[in-house]
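Asks: Sharing a structure, written as structure tokens. Questions coming.
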Amino acid sequence: MTTTTSTTTADLSATTLLRFATAGSVDDGKSTLVGRLLHDSKSVLTDQLEAVERASASRGQDGPDLALLTDGLRAEREQGITIDVAYRYFATPRRRFILADTPGHVQYTRNMVTGASTAELTVILVDARHGVVEQTRRHAAIAALLRVPHVVLAVNKMDLVDYREPVFAAIAKEFTAYATKLGVPEVTAIPISALAGDNVVEPSATMDWYGGPTVLEHLETVPVGHDAAHGHARLPVQYVIRPQTAEHPDYRGYAGQIAAGTFRVGEPVTVLPSGHTTTISGIDLLGRQVDAARTPQSVTLLLADDIDISRGDLIVPTEHAPATTQDIEATVCHVADQPLTVGHRVLLKHGTRTVKALVQDIPSRLTLDDLSLHPRPGRLTANDIGRVTLRTAEPLPVDAYADSRRTGAFILIDPADGTTLTAGMVGESFATPEPVTDPVAEDGWDF
């Protein structure tokens, strides 16, 4: 179990941004935690709080139900569960936050994938009475699959187990051991009571045996922005700017959001998948010319040579260009109700490029209980995590997801109706579980 120590306020910039997601099983208290976090950090407007108080009173509750600050859908309020991803924006003097409160029900696991895909930290809640359950393991696996750098285990409802340290310690030990097998780089365990406010924003007066940070303190001090900023530069071209006006008769720029790294004027670059090379002659950023730009800035690159470039192409430093391939091996999380099968014809969207693809093989499916790999399942159903082999109609410049969360990711789409089928990560996305064992091979059968 790792307990992260706090850094001083001087070490942090007030403009730093942390994207984080919450996850957990049904009734573990995610929405209450988020509501408590917003309420106690004074990030709730007066009219919002008054509306929650009125809604709570109409339901016969003595005090405000802070979960209503995030459960905005009528169905969510009626059932007392989170269905859709609820995004909240708030700030403290030390940092700005974008929070994705994701559903806990297994039916909505796909929404957790959506919310955590851009997160730098995931808070996974566990009910202290129930401990680690299957959905907890599923959320840990998804966090590892998405390579979320920081994971917080919030052991909630400590008030219902009399704030006993052994209960917290046992849950933290079990979860940390499981997450470590998945390759999660860091787990910070915090005992909380979201309903009472213990260790959410203010330290708990009833758990003096715990000496670590509160949830907010950890959110304010955890390192951010270390992943994409230091990777090899990547710019998926989103739009070609060609005004052809009297003021700009020869202007040709390639606009997009930098997915990773830094681009500099004068740097040799390669355009993929064509492989043409040139140099950067200029960079336009927010209406002005700059010498360099970095992720996640949206820029327009000007190139020294006229090259046939269109939406979907990728501009990269020549020295660090990824290989292009039509054969992709990936770890995926299947999110659609219809299964993904061998032979399935799909559309593969990578960055700003969409190509036709064929599912050639599904070598294995992950078993969450013991992290073993079930060989050749033939299909993946909703919420399954497994390995797939794809063949694309056109070459794609893909990075390993371990190297770049932006350019190593893709989604599979149903070409018939546009439904998102699967979220994919190129290569091995977390520590390899137990090796695949084929019982047929072990029995000596050979067809």
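Residues in the structure tokens are numbered from 1 in each chain, the chains being A, B, ... in the order shown, and ligands are numbered from 1 in the order shown.
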Excluding Thr295 of chain A and its own-chain neighbours fewer than 5 positions away, which residues fall within 9 Å of it when counting only C-alpha atoms? Please give them as a ChimeraX atom specification.
Replies: /A:228-229,233-234,257-262
Asks: Identify, with DSSP run on backbone atoms, the residues in segment 166-256 of chain A assigned to strand (DSSP E), and express the list as a PyMOL selection string.
Replies: chain A and resi 187-191+235-236+239-241+253-256
Asks: Kindly indicate which residue among A:Arg294, A:His344, A:His276, A:His232 lies nearest to Gly256 of chain A, using only C-alpha atoms for the distances.
Replies: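 Ranking A:Arg294, A:His344, A:His276, A:His232 by distance to Gly256 of chain A, first place goes to A:Arg294.
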Asks: Determine which residues of segment 108-357 of chain A receive a DSSP assignment of alpha helix (DSSP H), computed from the backbone, and state them as JSON, numbers by chain.
Replies: {"A": [109, 110, 111, 112, 113, 114, 115, 116, 134, 135, 136, 137, 138, 139, 140, 141, 142, 143, 144, 145, 165, 166, 167, 168, 169, 170, 171, 172, 173, 174, 175, 176, 177, 178, 179, 180, 181, 182, 215, 216, 217, 218, 219, 220, 221]}
Asks: Give the answer as one residue: which of A:Val335, A:Leu146, A:Val265, A:Ala141 has the shortest atom-to-atom distance to Leu380 of chain A, using only C-alpha atoms?
Replies: A:Val335
Asks: Name the residues in contact with Arg353 of chain A at a cut-off of 9 Å, using only C-alpha atoms, excluding same-chain residues fewer than 5 positions from it; report them as a ChimeraX atom specification.
Replies: /A:236-238,311-314,348,396
Asks: Restricting the calculation to only C-alpha atoms: of A:Ala205, A:Leu301, A:Ala91, A:Val113, which residue gets closest to Arg288 of chain A?
Replies: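 Going through A:Ala205, A:Leu301, A:Ala91, A:Val113 one by one, the smallest distance to Arg288 of chain A is for A:Leu301.
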Asks: May I have a table of the residues of segment 283-376 of chain A lying at most 10 Å from segment 163-178 of chain A, giving each one's closest pair of atoms and their distance in Å to one decimal, counting only C-alpha atoms, ordered by chain and ascending residue number, as a tab-separated table?
Replies:
residue	atom	partner	partner_atom	distance
A:Leu368	CA	A:Tyr178	CA	9.9
A:Asp369	CA	A:Tyr178	CA	9.5
A:Asp370	CA	A:Tyr178	CA	8.8
A:Leu371	CA	A:Tyr178	CA	8.8
Asks: For Ser204 of chain A, list every protein, DNA or RNA residue within 12 Å, evaluated using only C-alpha atoms, and leave out those in the same chain fewer than 6 positions away; present the list as JSON, numbers by chain.
Replies: {"A": [158, 159, 163, 190, 191, 192, 193, 194, 196, 197, 198, 210, 211, 212, 213, 214, 215]}
Asks: Tell me which of A:Leu37, A:Ala86, A:Val299, A:Val355 sits closest to Val201 of chain A, counting only C-alpha atoms.
Replies: A:Leu37
Asks: Using only C-alpha atoms, which residues sit within 10 Å of Ala321 of chain A once same-chain residues fewer than 5 positions away are excluded, as JSON, numbers by chain?
Replies: {"A": [232, 233, 234, 269, 270, 271, 272, 275, 314, 315, 316, 397, 398, 399]}
Asks: What lies within 10 Å of Asp291 of chain A using only C-alpha atoms, ignoring chain neighbours under 4 positions off, as an MDAnalysis selection string?
Replies: chainID A and resid 263:266 280:285
Asks: My list of candidates is A:Ala393, A:Leu17, A:Thr325, A:Arg95. Which is closest to Glu217 of chain A when distances are computed with only C-alpha atoms?
Replies: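 Nearest to Glu217 of chain A: A:Arg95.
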Asks: Measuring between only C-alpha atoms, which one of A:Leu160, A:Arg406, A:His374, A:Arg387 shows the shortest distance to Pro296 of chain A?
Replies: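 Result for the nearest residue to Pro296 of chain A: A:Arg406.
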